[in-house]
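Okay, final18.cif now, which holds mmCIF, C-alpha atoms:
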```
data_my_file
#
loop_
_atom_site.label_atom_id
_atom_site.label_comp_id
_atom_site.auth_asym_id
_atom_site.auth_seq_id
_atom_site.Cartn_x
_atom_site.Cartn_y
_atom_site.Cartn_z
CA MET A 276 29.83 -4.59 14.62
CA ALA A 277 26.57 -6.15 15.80
CA ASP A 278 26.27 -7.06 19.47
CA THR A 279 25.39 -10.76 19.67
CA THR A 280 24.39 -10.64 23.35
CA ALA A 281 21.42 -12.91 24.12
CA LEU A 282 18.64 -11.88 26.51
CA GLN A 283 15.56 -13.63 27.84
CA LEU A 284 12.65 -11.22 27.42
CA ALA A 285 8.87 -11.12 27.72
CA VAL A 286 7.26 -9.70 24.57
CA GLU A 287 4.65 -7.03 25.34
CA ARG A 288 3.07 -5.73 22.14
CA MET A 289 3.55 -5.22 18.41
CA SER A 290 5.11 -2.02 17.12
CA TYR A 291 3.96 -0.08 14.07
CA GLY A 292 6.65 -1.88 12.16
CA PRO A 293 7.76 -5.45 11.50
CA ASP A 294 8.90 -6.08 15.08
CA ALA A 295 7.39 -6.71 18.49
CA ILE A 296 8.39 -4.70 21.56
CA ALA A 297 9.96 -5.91 24.81
CA HIS A 298 11.96 -4.21 27.59
CA THR A 299 15.09 -5.22 29.45
CA PRO A 300 14.99 -5.39 33.28
CA GLU A 301 16.57 -1.91 33.20
CA GLY A 302 13.69 -0.57 31.09
CA LYS A 303 15.45 -0.29 27.73
CA THR A 304 13.22 -0.88 24.68
CA VAL A 305 14.09 -3.85 22.49
CA PHE A 306 12.52 -4.33 19.05
CA VAL A 307 12.20 -8.08 18.56
CA GLY A 308 11.92 -9.54 15.06
CA GLY A 309 9.68 -12.61 15.03
CA GLY A 310 8.17 -11.90 18.46
CA VAL A 311 4.53 -12.29 19.49
CA PRO A 312 2.92 -10.50 22.47
CA GLY A 313 2.84 -12.93 25.39
CA ASP A 314 5.96 -14.81 24.29
CA VAL A 315 8.91 -15.44 26.56
CA VAL A 316 11.85 -15.63 24.16
CA GLN A 317 15.60 -15.77 23.94
CA VAL A 318 16.58 -12.74 21.87
CA THR A 319 19.83 -12.27 20.01
CA ILE A 320 20.71 -8.56 19.96
CA ASP A 321 21.72 -7.47 16.46
CA SER A 322 22.30 -3.77 17.17
CA ASP A 323 22.53 -1.92 20.48
CA GLY A 324 21.91 1.83 20.46
CA PRO A 325 21.81 4.34 23.31
CA SER A 326 17.99 4.46 23.52
CA PHE A 327 16.88 1.11 22.09
CA SER A 328 18.16 -2.20 20.78
CA LYS A 329 17.13 -4.41 17.88
CA GLY A 330 17.20 -8.17 17.88
CA HIS A 331 15.50 -11.34 16.71
CA VAL A 332 14.01 -14.40 18.34
CA ALA A 333 16.65 -17.08 18.72
CA GLU A 334 14.45 -19.44 20.76
CA VAL A 335 10.85 -19.45 21.94
CA ILE A 336 10.90 -20.45 25.61
CA GLU A 337 7.18 -19.99 26.29
CA ALA A 338 4.93 -19.51 23.25
CA ALA A 339 2.10 -16.98 23.41
CA ALA A 340 -1.46 -18.14 22.78
CA ASP A 341 -1.46 -16.03 19.60
CA ARG A 342 1.69 -17.59 18.14
CA VAL A 343 1.04 -19.68 15.03
CA ALA A 344 3.22 -21.60 12.60
CA PRO A 345 3.70 -19.30 9.59
CA ARG A 346 1.91 -20.64 6.54
CA CYS A 347 4.64 -19.31 4.27
CA PRO A 348 7.88 -21.36 4.32
CA TYR A 349 9.90 -18.20 3.56
CA ALA A 350 8.39 -16.06 6.33
CA ALA A 351 11.52 -16.01 8.50
CA ILE A 352 13.83 -14.83 5.71
CA CYS A 353 11.58 -12.89 3.31
CA GLY A 354 10.47 -9.36 4.13
CA GLY A 355 6.97 -9.76 2.69
CA CYS A 356 5.08 -11.12 5.71
CA PRO A 357 6.83 -10.10 8.98
CA TRP A 358 3.71 -10.77 11.10
CA ALA A 359 3.09 -14.29 9.77
CA GLN A 360 3.82 -15.83 13.18
CA LEU A 361 0.95 -13.84 14.76
CA SER A 362 -2.61 -15.21 14.57
CA TYR A 363 -4.81 -13.22 12.25
CA PRO A 364 -7.32 -12.03 14.90
CA ALA A 365 -4.35 -10.77 16.92
CA GLN A 366 -2.98 -8.96 13.85
CA ALA A 367 -6.27 -7.09 13.37
CA SER A 368 -6.43 -6.21 17.07
CA ALA A 369 -2.82 -4.94 17.04
CA LYS A 370 -3.51 -2.76 14.00
CA ARG A 371 -6.49 -1.11 15.65
CA ALA A 372 -4.43 -0.56 18.81
CA GLY A 373 -1.72 1.08 16.69
CA VAL A 374 -4.21 3.56 15.25
CA VAL A 375 -5.56 4.39 18.72
CA ASP A 376 -2.01 4.87 20.00
CA ALA A 377 -1.08 7.21 17.11
CA LEU A 378 -4.14 9.40 17.69
CA THR A 379 -3.26 9.66 21.37
CA ARG A 380 0.50 10.19 21.12
CA ILE A 381 0.78 12.16 17.89
CA GLY A 382 -2.72 13.61 17.50
CA HIS A 383 -2.79 14.62 21.21
CA MET A 384 -6.29 13.24 21.73
CA PRO A 385 -7.30 12.03 25.20
CA ALA A 386 -6.92 8.25 25.33
CA ASP A 387 -10.62 7.67 25.96
CA VAL A 388 -11.53 9.87 22.97
CA SER A 389 -9.15 7.95 20.67
CA GLU A 390 -10.51 4.65 21.93
CA ALA A 391 -14.12 5.69 21.27
CA LEU A 392 -13.31 7.19 17.86
CA VAL A 393 -11.63 4.13 16.30
CA ALA A 394 -13.89 1.36 15.02
CA GLU A 395 -12.98 -2.31 14.97
CA CYS A 396 -10.53 -3.25 12.24
CA VAL A 397 -12.33 -4.37 9.08
CA SER A 398 -10.93 -7.43 7.30
CA PRO A 399 -12.30 -7.38 3.73
CA SER A 400 -10.19 -10.21 2.28
CA GLU A 401 -8.70 -13.57 3.14
CA PRO A 402 -5.47 -13.27 5.18
CA TRP A 403 -3.48 -15.03 2.42
CA GLY A 404 -3.69 -14.85 -1.36
CA TYR A 405 -5.17 -11.35 -1.28
CA ARG A 406 -2.65 -9.38 -3.33
CA ASN A 407 -3.09 -8.47 -6.99
CA LYS A 408 0.50 -7.26 -7.20
CA ILE A 409 3.94 -8.26 -6.00
CA GLU A 410 7.42 -7.05 -6.91
CA LEU A 411 10.40 -9.34 -7.35
CA ALA A 412 13.95 -8.29 -6.54
CA PHE A 413 16.87 -8.75 -8.93
CA SER A 414 20.51 -9.18 -8.03
CA ARG A 415 23.59 -11.08 -9.08
CA GLN A 416 25.50 -13.64 -7.05
CA SER A 417 28.91 -14.63 -8.35
CA GLY A 418 27.89 -13.04 -11.62
CA LYS A 419 24.73 -15.12 -11.99
CA PRO A 420 21.27 -13.51 -11.98
CA LEU A 421 19.05 -14.11 -8.94
CA VAL A 422 15.34 -13.23 -9.04
CA GLY A 423 13.27 -13.56 -5.89
CA MET A 424 11.76 -11.65 -2.98
CA HIS A 425 13.41 -8.90 -0.94
CA ALA A 426 15.04 -10.40 2.13
CA ALA A 427 13.93 -9.49 5.65
CA GLY A 428 15.91 -6.48 6.82
CA GLY A 429 15.89 -4.92 3.37
CA THR A 430 19.14 -6.31 1.99
CA GLY A 431 19.59 -9.31 -0.27
CA THR A 432 17.36 -11.44 -2.44
CA VAL A 433 15.59 -14.64 -1.40
CA LYS A 434 14.94 -17.21 -4.13
CA VAL A 435 11.33 -18.42 -3.91
CA THR A 436 9.06 -20.65 -5.98
CA SER A 437 5.81 -18.93 -5.03
CA CYS A 438 4.33 -16.11 -2.94
CA LEU A 439 1.36 -17.02 -0.77
CA LEU A 440 0.30 -13.37 -0.60
CA LEU A 441 -0.39 -13.29 -4.36
CA ASP A 442 -3.81 -14.37 -5.64
CA LYS A 443 -3.66 -18.18 -5.59
CA THR A 444 -4.85 -18.36 -9.22
CA TYR A 445 -1.46 -16.94 -10.20
CA ALA A 446 0.79 -18.41 -7.50
CA SER A 447 2.84 -20.34 -10.06
CA SER A 448 3.56 -17.16 -12.04
CA VAL A 449 6.26 -16.19 -9.54
CA LYS A 450 8.41 -19.17 -10.49
CA SER A 451 7.64 -18.72 -14.20
CA VAL A 452 8.54 -15.01 -14.22
CA ALA A 453 11.69 -15.56 -12.15
CA GLY A 454 12.84 -18.31 -14.49
CA ALA A 455 12.17 -16.29 -17.63
CA VAL A 456 13.92 -13.16 -16.33
CA SER A 457 16.89 -15.19 -15.07
CA TYR A 458 17.24 -16.76 -18.51
CA LEU A 459 17.14 -13.34 -20.21
CA ALA A 460 19.67 -11.82 -17.81
CA GLY A 461 21.89 -14.88 -17.99
CA SER A 462 22.24 -14.77 -21.75
CA ARG A 463 22.85 -11.01 -21.81
CA SER A 464 24.39 -8.45 -19.45
CA LEU A 465 21.01 -7.13 -18.33
CA GLY A 466 20.14 -5.61 -14.98
CA PHE A 467 16.75 -4.78 -13.51
CA GLU A 468 15.67 -2.52 -10.69
CA ARG A 469 12.72 -4.83 -10.04
CA ILE A 470 10.14 -6.98 -11.78
CA GLY A 471 6.44 -6.36 -11.20
CA ILE A 472 3.60 -8.89 -11.45
CA ARG A 473 -0.03 -7.74 -11.51
CA ALA A 474 -2.73 -10.40 -11.66
CA SER A 475 -6.51 -10.37 -11.60
CA ALA A 476 -8.69 -13.44 -11.10
CA ARG A 477 -11.66 -11.24 -12.11
CA THR A 478 -10.43 -10.15 -15.54
CA ARG A 479 -7.94 -13.00 -16.05
CA GLU A 480 -5.26 -10.45 -16.91
CA LEU A 481 -1.62 -10.88 -15.97
CA GLU A 482 0.95 -8.14 -16.53
CA VAL A 483 4.72 -8.43 -16.14
CA SER A 484 6.67 -5.17 -15.88
CA LEU A 485 10.45 -4.97 -16.23
CA TRP A 486 11.95 -1.92 -14.50
CA ASP A 487 15.38 -0.85 -15.70
CA ALA A 488 17.45 2.09 -16.97
CA PRO A 489 17.18 3.44 -20.53
CA GLY A 490 19.46 1.82 -23.07
CA GLY A 491 19.71 -1.13 -25.39
CA PHE A 492 17.24 -3.90 -24.66
CA PRO A 493 16.26 -7.19 -26.39
CA ARG A 494 12.59 -6.28 -26.78
CA ALA A 495 11.49 -9.09 -29.06
CA GLN A 496 13.36 -11.77 -27.12
CA ALA A 497 12.03 -10.54 -23.77
CA ALA A 498 8.47 -10.53 -25.08
CA ARG A 499 8.82 -14.04 -26.51
CA VAL A 500 10.52 -15.63 -23.48
CA ILE A 501 8.16 -14.13 -20.89
CA SER A 502 5.05 -14.79 -23.01
CA ASP A 503 6.01 -18.44 -23.44
CA ALA A 504 6.62 -18.82 -19.70
CA THR A 505 3.60 -16.93 -18.34
CA LYS A 506 0.96 -16.38 -21.06
CA ALA A 507 0.90 -12.75 -19.83
CA THR A 508 -1.74 -10.46 -21.34
CA SER A 509 0.67 -7.52 -21.08
CA ILE A 510 4.46 -7.24 -20.90
CA VAL A 511 5.96 -3.78 -20.46
CA ARG A 512 9.33 -2.21 -19.87
CA VAL A 513 9.46 0.77 -17.49
CA MET A 514 12.59 2.90 -17.81
CA GLU A 515 13.74 5.04 -14.88
CA LYS A 516 16.35 7.77 -14.48
CA GLY A 517 17.88 9.52 -11.50
CA PRO A 518 19.27 8.61 -8.06
CA ALA A 519 17.70 5.74 -6.11
CA LYS A 520 15.59 7.98 -3.84
CA ALA A 521 14.39 10.24 -6.65
CA ARG A 522 13.67 8.00 -9.60
CA ARG A 523 11.58 9.41 -12.43
CA ILE A 524 9.93 7.60 -15.31
CA ALA A 525 11.82 8.10 -18.56
CA GLY A 526 9.49 6.01 -20.67
CA VAL A 527 7.21 2.97 -20.86
CA GLU A 528 7.36 0.48 -23.72
CA ALA A 529 4.71 -2.13 -24.43
CA LEU A 530 6.65 -5.25 -25.40
CA SER A 531 3.63 -7.51 -25.82
CA GLY A 532 -0.13 -7.48 -25.34
CA SER A 533 -2.34 -4.64 -24.15
CA GLY A 534 0.34 -2.51 -22.47
CA SER A 535 -1.76 -2.09 -19.32
CA TRP A 536 -3.57 -4.15 -16.68
CA GLY A 537 -7.30 -4.39 -16.10
CA GLU A 538 -9.22 -4.92 -12.88
CA ILE A 539 -12.84 -4.75 -11.72
CA VAL A 540 -13.58 -2.81 -8.53
CA GLY A 541 -17.22 -3.09 -7.56
CA SER A 542 -19.14 -2.26 -10.73
CA GLU A 543 -16.26 -0.31 -12.29
CA ARG A 544 -13.82 -1.73 -14.82
CA MET A 545 -10.48 0.05 -14.68
CA ARG A 546 -7.22 -0.05 -16.58
CA VAL A 547 -3.94 0.82 -14.89
CA SER A 548 -0.48 1.33 -16.39
CA ALA A 549 2.52 -0.27 -14.70
CA PRO A 550 3.88 2.94 -13.07
CA SER A 551 0.48 3.94 -11.62
CA PHE A 552 -0.55 3.25 -8.06
CA PHE A 553 -3.45 0.89 -7.49
CA GLN A 554 -4.46 -0.77 -4.22
CA VAL A 555 -2.83 -4.20 -4.03
CA ASN A 556 -5.94 -5.69 -2.38
CA THR A 557 -8.94 -5.46 -4.72
CA ALA A 558 -11.49 -6.59 -2.12
CA GLY A 559 -9.93 -4.04 0.22
CA ALA A 560 -10.27 -1.30 -2.40
CA GLU A 561 -13.98 -2.12 -2.67
CA LYS A 562 -14.34 -1.78 1.10
CA LEU A 563 -12.60 1.61 0.99
CA VAL A 564 -15.05 2.80 -1.67
CA GLU A 565 -17.96 1.57 0.45
CA LEU A 566 -16.71 3.37 3.57
CA VAL A 567 -15.99 6.59 1.66
CA MET A 568 -19.46 6.62 0.11
CA ASP A 569 -21.06 5.88 3.49
CA ALA A 570 -19.18 8.79 5.05
CA LEU A 571 -20.00 11.25 2.27
CA SER A 572 -23.58 10.15 1.45
CA PRO A 573 -23.29 11.83 -1.97
CA LYS A 574 -26.45 13.25 -3.56
CA PRO A 575 -27.28 13.72 -7.26
CA ASP A 576 -27.00 17.53 -7.07
CA ASP A 577 -23.76 17.53 -5.04
CA GLU A 578 -20.45 18.85 -6.30
CA ALA A 579 -17.57 16.60 -5.24
CA MET A 580 -13.80 16.97 -4.92
CA ASP A 581 -11.29 14.09 -5.14
CA LEU A 582 -7.70 15.00 -4.25
CA TYR A 583 -4.81 12.58 -4.91
CA CYS A 584 -7.30 10.64 -7.02
CA GLY A 585 -4.93 8.26 -8.82
CA ALA A 586 -6.50 6.27 -11.64
CA GLY A 587 -10.01 6.95 -10.35
CA THR A 588 -10.89 4.40 -7.66
CA PHE A 589 -13.10 6.97 -5.91
CA THR A 590 -13.59 9.36 -8.84
CA LEU A 591 -15.66 6.95 -10.92
CA PRO A 592 -18.23 6.02 -8.24
CA LEU A 593 -18.42 9.67 -7.13
CA ALA A 594 -19.10 10.78 -10.70
CA ARG A 595 -22.02 8.34 -10.92
CA ARG A 596 -23.54 9.69 -7.69
CA THR A 597 -22.97 13.46 -7.99
CA SER A 598 -23.40 16.21 -10.54
CA PHE A 599 -19.70 17.06 -10.93
CA VAL A 600 -16.29 15.96 -9.63
CA SER A 601 -13.08 18.00 -9.52
CA ALA A 602 -10.30 15.37 -9.52
CA VAL A 603 -6.63 16.24 -8.95
CA GLU A 604 -3.63 13.93 -9.34
CA SER A 605 0.05 14.87 -9.60
CA TYR A 606 1.48 11.69 -11.16
CA GLY A 607 1.40 11.83 -14.96
CA PRO A 608 0.82 8.11 -15.72
CA ALA A 609 -2.07 8.02 -13.22
CA VAL A 610 -3.67 11.13 -14.79
CA ARG A 611 -3.57 9.44 -18.18
CA ASP A 612 -5.09 6.30 -16.69
CA LEU A 613 -7.82 8.36 -15.01
CA ARG A 614 -8.79 10.06 -18.26
CA ARG A 615 -8.85 6.73 -20.09
CA ASN A 616 -11.01 5.16 -17.37
CA LEU A 617 -13.44 8.08 -17.46
CA GLU A 618 -13.71 7.82 -21.23
CA SER A 619 -14.31 4.05 -21.07
CA ALA A 620 -16.96 4.57 -18.41
CA ARG A 621 -18.55 7.33 -20.53
CA LEU A 622 -18.43 9.80 -17.68
CA ASP A 623 -18.19 13.42 -18.79
CA ASN A 624 -18.91 15.19 -15.48
CA VAL A 625 -15.31 15.11 -14.18
CA ASP A 626 -12.61 17.76 -14.46
CA ALA A 627 -9.43 15.66 -14.35
CA VAL A 628 -6.53 17.96 -13.46
CA GLY A 629 -2.87 16.97 -13.47
CA GLY A 630 -0.79 18.68 -10.79
CA ASP A 631 -0.02 19.06 -7.11
CA ALA A 632 -3.13 19.23 -4.89
CA GLY A 633 -1.94 22.46 -3.30
CA ARG A 634 -1.08 24.29 -6.51
CA GLU A 635 -4.07 22.91 -8.42
CA PHE A 636 -6.58 23.08 -5.57
CA PRO A 637 -10.00 23.32 -7.32
CA ASP A 638 -11.52 26.78 -7.45
CA THR A 639 -14.96 25.53 -6.46
CA ASP A 640 -17.22 25.00 -3.47
CA ALA A 641 -17.57 21.28 -2.84
CA ASP A 642 -20.37 19.56 -0.94
CA VAL A 643 -18.37 16.37 -0.34
CA ILE A 644 -14.62 15.73 -0.50
CA VAL A 645 -12.37 12.66 -0.53
CA VAL A 646 -8.61 12.86 -0.01
CA ASP A 647 -6.26 9.89 -0.44
CA PRO A 648 -2.74 11.30 -0.03
CA PRO A 649 0.53 9.37 -0.08
CA ARG A 650 2.22 8.23 3.12
CA ALA A 651 3.47 11.76 3.87
CA GLY A 652 -0.13 12.88 4.43
CA LEU A 653 -1.60 16.31 3.69
CA ASP A 654 0.40 19.53 3.43
CA ALA A 655 -0.56 22.10 6.06
CA ASP A 656 -1.72 24.48 3.30
CA VAL A 657 -4.02 21.83 1.82
CA ILE A 658 -5.60 21.31 5.26
CA ARG A 659 -6.10 25.07 5.54
CA ARG A 660 -7.80 25.21 2.15
CA LEU A 661 -9.94 22.17 2.88
CA SER A 662 -11.01 23.80 6.14
CA GLU A 663 -12.23 26.81 4.15
CA GLN A 664 -14.55 24.64 2.04
CA PRO A 665 -18.32 24.65 2.72
CA ALA A 666 -18.45 20.85 2.42
CA ARG A 667 -20.60 18.91 4.86
CA ALA A 668 -18.19 15.94 4.96
CA ILE A 669 -14.64 14.87 4.14
CA ALA A 670 -13.50 11.27 3.79
CA TYR A 671 -9.76 10.99 4.53
CA VAL A 672 -8.18 7.74 3.31
CA SER A 673 -4.78 7.22 4.93
CA CYS A 674 -2.07 4.57 4.74
CA ASP A 675 -0.10 5.86 7.75
CA PRO A 676 -1.61 6.30 11.23
CA ALA A 677 1.16 8.72 12.26
CA THR A 678 0.54 11.27 9.50
CA LEU A 679 -3.22 10.81 9.86
CA ALA A 680 -2.95 11.68 13.56
CA ARG A 681 -0.84 14.75 12.80
CA ASP A 682 -3.32 15.92 10.17
CA LEU A 683 -6.37 15.41 12.40
CA ALA A 684 -4.66 17.62 14.99
CA ARG A 685 -4.25 20.29 12.29
CA PHE A 686 -7.92 19.98 11.33
CA ALA A 687 -8.80 20.41 15.02
CA GLU A 688 -6.73 23.61 15.15
CA ALA A 689 -8.56 24.97 12.09
CA GLY A 690 -11.85 24.20 13.83
CA THR A 691 -14.03 23.56 10.78
CA PHE A 692 -14.11 19.76 10.66
CA ARG A 693 -14.03 17.12 13.37
CA PRO A 694 -13.54 13.34 13.07
CA VAL A 695 -16.62 11.28 13.87
CA ARG A 696 -15.24 7.84 13.00
CA VAL A 697 -11.87 6.31 12.09
CA THR A 698 -12.18 2.85 10.55
CA PRO A 699 -9.04 0.72 10.17
CA VAL A 700 -9.16 -1.51 7.09
CA ASP A 701 -6.70 -4.37 6.82
CA LEU A 702 -5.56 -4.27 3.21
CA PHE A 703 -2.21 -5.88 4.13
CA PRO A 704 -2.57 -9.05 6.27
CA GLN A 705 0.69 -10.59 7.55
CA THR A 706 2.25 -7.10 7.70
CA PHE A 707 2.04 -4.15 10.08
CA HIS A 708 0.53 -1.81 7.47
CA VAL A 709 -3.05 -0.64 7.88
CA GLU A 710 -5.32 1.64 5.86
CA THR A 711 -7.89 3.92 7.54
CA VAL A 712 -10.95 5.81 6.41
CA THR A 713 -11.77 8.83 8.58
CA HIS A 714 -15.14 10.53 8.35
CA LEU A 715 -14.81 14.25 9.10
CA ALA A 716 -17.99 16.25 9.60
CA ARG A 717 -18.46 20.00 10.05
CA SER A 718 -17.95 21.06 13.63
#
```
Go ahead and express the file in the form of structure tokens.
Amino acid sequence: MADTTALQLAVERMSYGPDAIAHTPEGKTVFVGGGVPGDVVQVTIDSDGPSFSKGHVAEVIEAAADRVAPRCPYAAICGGCPWAQLSYPAQASAKRAGVVDALTRIGHMPADVSEALVAECVSPSEPWGYRNKIELAFSRQSGKPLVGMHAAGGTGTVKVTSCLLLDKTYASSVKSVAGAVSYLAGSRSLGFERIGIRASARTRELEVSLWDAPGGFPRAQAARVISDATKATSIVRVMEKGPAKARRIAGVEALSGSGSWGEIVGSERMRVSAPSFFQVNTAGAEKLVELVMDALSPKPDDEAMDLYCGAGTFTLPLARRTSFVSAVESYGPAVRDLRRNLESARLDNVDAVGGDAGREFPDTDADVIVVDPPRAGLDADVIRRLSEQPARAIAYVSCDPATLARDLARFAEAGTFRPVRVTPVDLFPQTFHVETVTHLARS
């Protein structure tokens, strides 16, 4: 049972997570939901463990200078923007501090070295309305369908009429999609894992993806109801099999429209299928490409390598700047998207390989390399093989400061490459997440 003890605490800093950090007079760490550094708050303790406690702000006694009124009316109950009460300049500062801290604690760098290595946090987009994608949760309450956002804390569904993180051109689509899906599920015994919305103000394309298990499905009705409500350019059904933590795609059906979503990143036009990863912040993706190209300084006669390349965000611009690119991606739908994007761009100097980066590591000598691994970071064997490359530079794009710090320590042990700059890029305002681009040069 949760401990409902209340404590008056001074909030010290943000964690790499949704919460702020405070300490009891005895020195015990308390993670405080809704806290802002500099606050003095009354905290209700929700769980009390042996080494730390978790709680939430019950009352603000003295507000910090960086506390703001959240722009989103659902901020306190929805899990989408846990830092909405923190001013945006303070968010960017806290994200940079989190990267410095990870390099020091996990990467075992001297504090002054970490501080000098990490650039100021780059903010490529507006702090609201920056997302090209959101996912809606689906549940049933008293047998009735409920479509909304995931609740703070990870359990439950919050009914909303809009999401201020989604591109403002399509803010009303949240209510339209939720209403259409609720109608479908109400008239039939349907269940969904989630409902995806991808929207581009640049291409004017809107895709709705319905994620569920294989089986009978009212395809024509779903296409008609959602099309009438949203005018979507693509409606797809994504079928998944397997346990919750190991889902695999069993099939994708185009119910209406193009069957994929289009976006423009810099000068490149890309198409992405619903299961494929694509950065949720298009302006942020453009900044990542800029930083990667600045780090690599690719030349026309260079040979390039792009590991964990996805649908080609870095592959396409690299192919235009170098003689040849070896691109490796393990996720089948993304490999298909990559090949389609290369064909549309009329680029024939790329070897697009489907498979794990370790098993399918290119048998070539690269001059420049970009790696953009998932949150788990790079396998130790991949770092070893990268360290054996004759490349003059590696650009490491990371979405997790902890695994980045671990991997930079492994690069240091190998001794071939050293980091010369780590640039935090805020692709996810109102949250604790931060992307980084690290420029590694030969030692």
Q: Find the residues with any atom within 10 Å of (-19.2, 0.5, -13.0); use all atoms listed in the file and the coordinates as given in the file, and write the answer as a PyMOL selection string.
A: chain A and resi 539-545+591-592+595+620
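Residue selection for this entry, given the PyMOL selection byres ((chain A and resi 330) around 8), comprises Val305, Phe306, Val307, Gly308, Val318, Thr319, Ile320, Asp321, Ser322, Ser328, Lys329, His331 and Val332 of chain A.
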Q: Pick out the residues sitting within 12 Å of Gln496 of chain A, and hand them over as a PyMOL selection string; count only C-alpha atoms, and ignore anything fewer than 3 positions along from it in its own chain.
A: chain A and resi 455-456+458-460+462-463+492-493+499-503+510+530-531
Q: Name the residues that the PyMOL selection byres ((chain A and resi 558) around 12) pulls out of this structure, and write them as a ChimeraX atom specification.
A: /A:397-402,404-407,442,475-477,538-541,554-557,559-565,700-703
Selected by the PyMOL selection byres ((chain A and resi 687) around 12) in the shown coordinates: which residues, as a compact mmCIF listing (two decimals) with C-alpha atoms, keeping the file's coordinate frame?
```
# COMPACT_ATOMS: atom_id res chain seq x y z
CA GLY A 382 -2.72 13.61 17.50
CA HIS A 383 -2.79 14.62 21.21
CA MET A 384 -6.29 13.24 21.73
CA ILE A 658 -5.60 21.31 5.26
CA ARG A 659 -6.10 25.07 5.54
CA SER A 662 -11.01 23.80 6.14
CA ALA A 680 -2.95 11.68 13.56
CA ARG A 681 -0.84 14.75 12.80
CA ASP A 682 -3.32 15.92 10.17
CA LEU A 683 -6.37 15.41 12.40
CA ALA A 684 -4.66 17.62 14.99
CA ARG A 685 -4.25 20.29 12.29
CA PHE A 686 -7.92 19.98 11.33
CA GLU A 688 -6.73 23.61 15.15
CA ALA A 689 -8.56 24.97 12.09
CA GLY A 690 -11.85 24.20 13.83
CA THR A 691 -14.03 23.56 10.78
CA PHE A 692 -14.11 19.76 10.66
CA ARG A 693 -14.03 17.12 13.37
CA PRO A 694 -13.54 13.34 13.07
CA LEU A 715 -14.81 14.25 9.10
CA ALA A 716 -17.99 16.25 9.60
CA ARG A 717 -18.46 20.00 10.05
CA SER A 718 -17.95 21.06 13.63
```
Q: Write out as an MDAnalysis selection string each polymer residue whose atoms come within 8 Å of Ser437 of chain A, counting only C-alpha atoms; drop sequence neighbours fewer than 4 positions from it.
A: chainID A and resid 446:450
(Q) Calculated over only C-alpha atoms, which of the candidates A:Val452, A:Ser326, A:Tyr291, A:Ala666 has the smallest distance to Val374 of chain A? (A)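 Nearest to Val374 of chain A: A:Tyr291.
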Q. Which polymer residues have any atom within 6 Å of an atom of segment 335-349 of chain A, counting only C-alpha atoms, with same-chain residues fewer than 6 positions away left out, as a PyMOL selection string?
A. chain A and resi 313-316+359-362
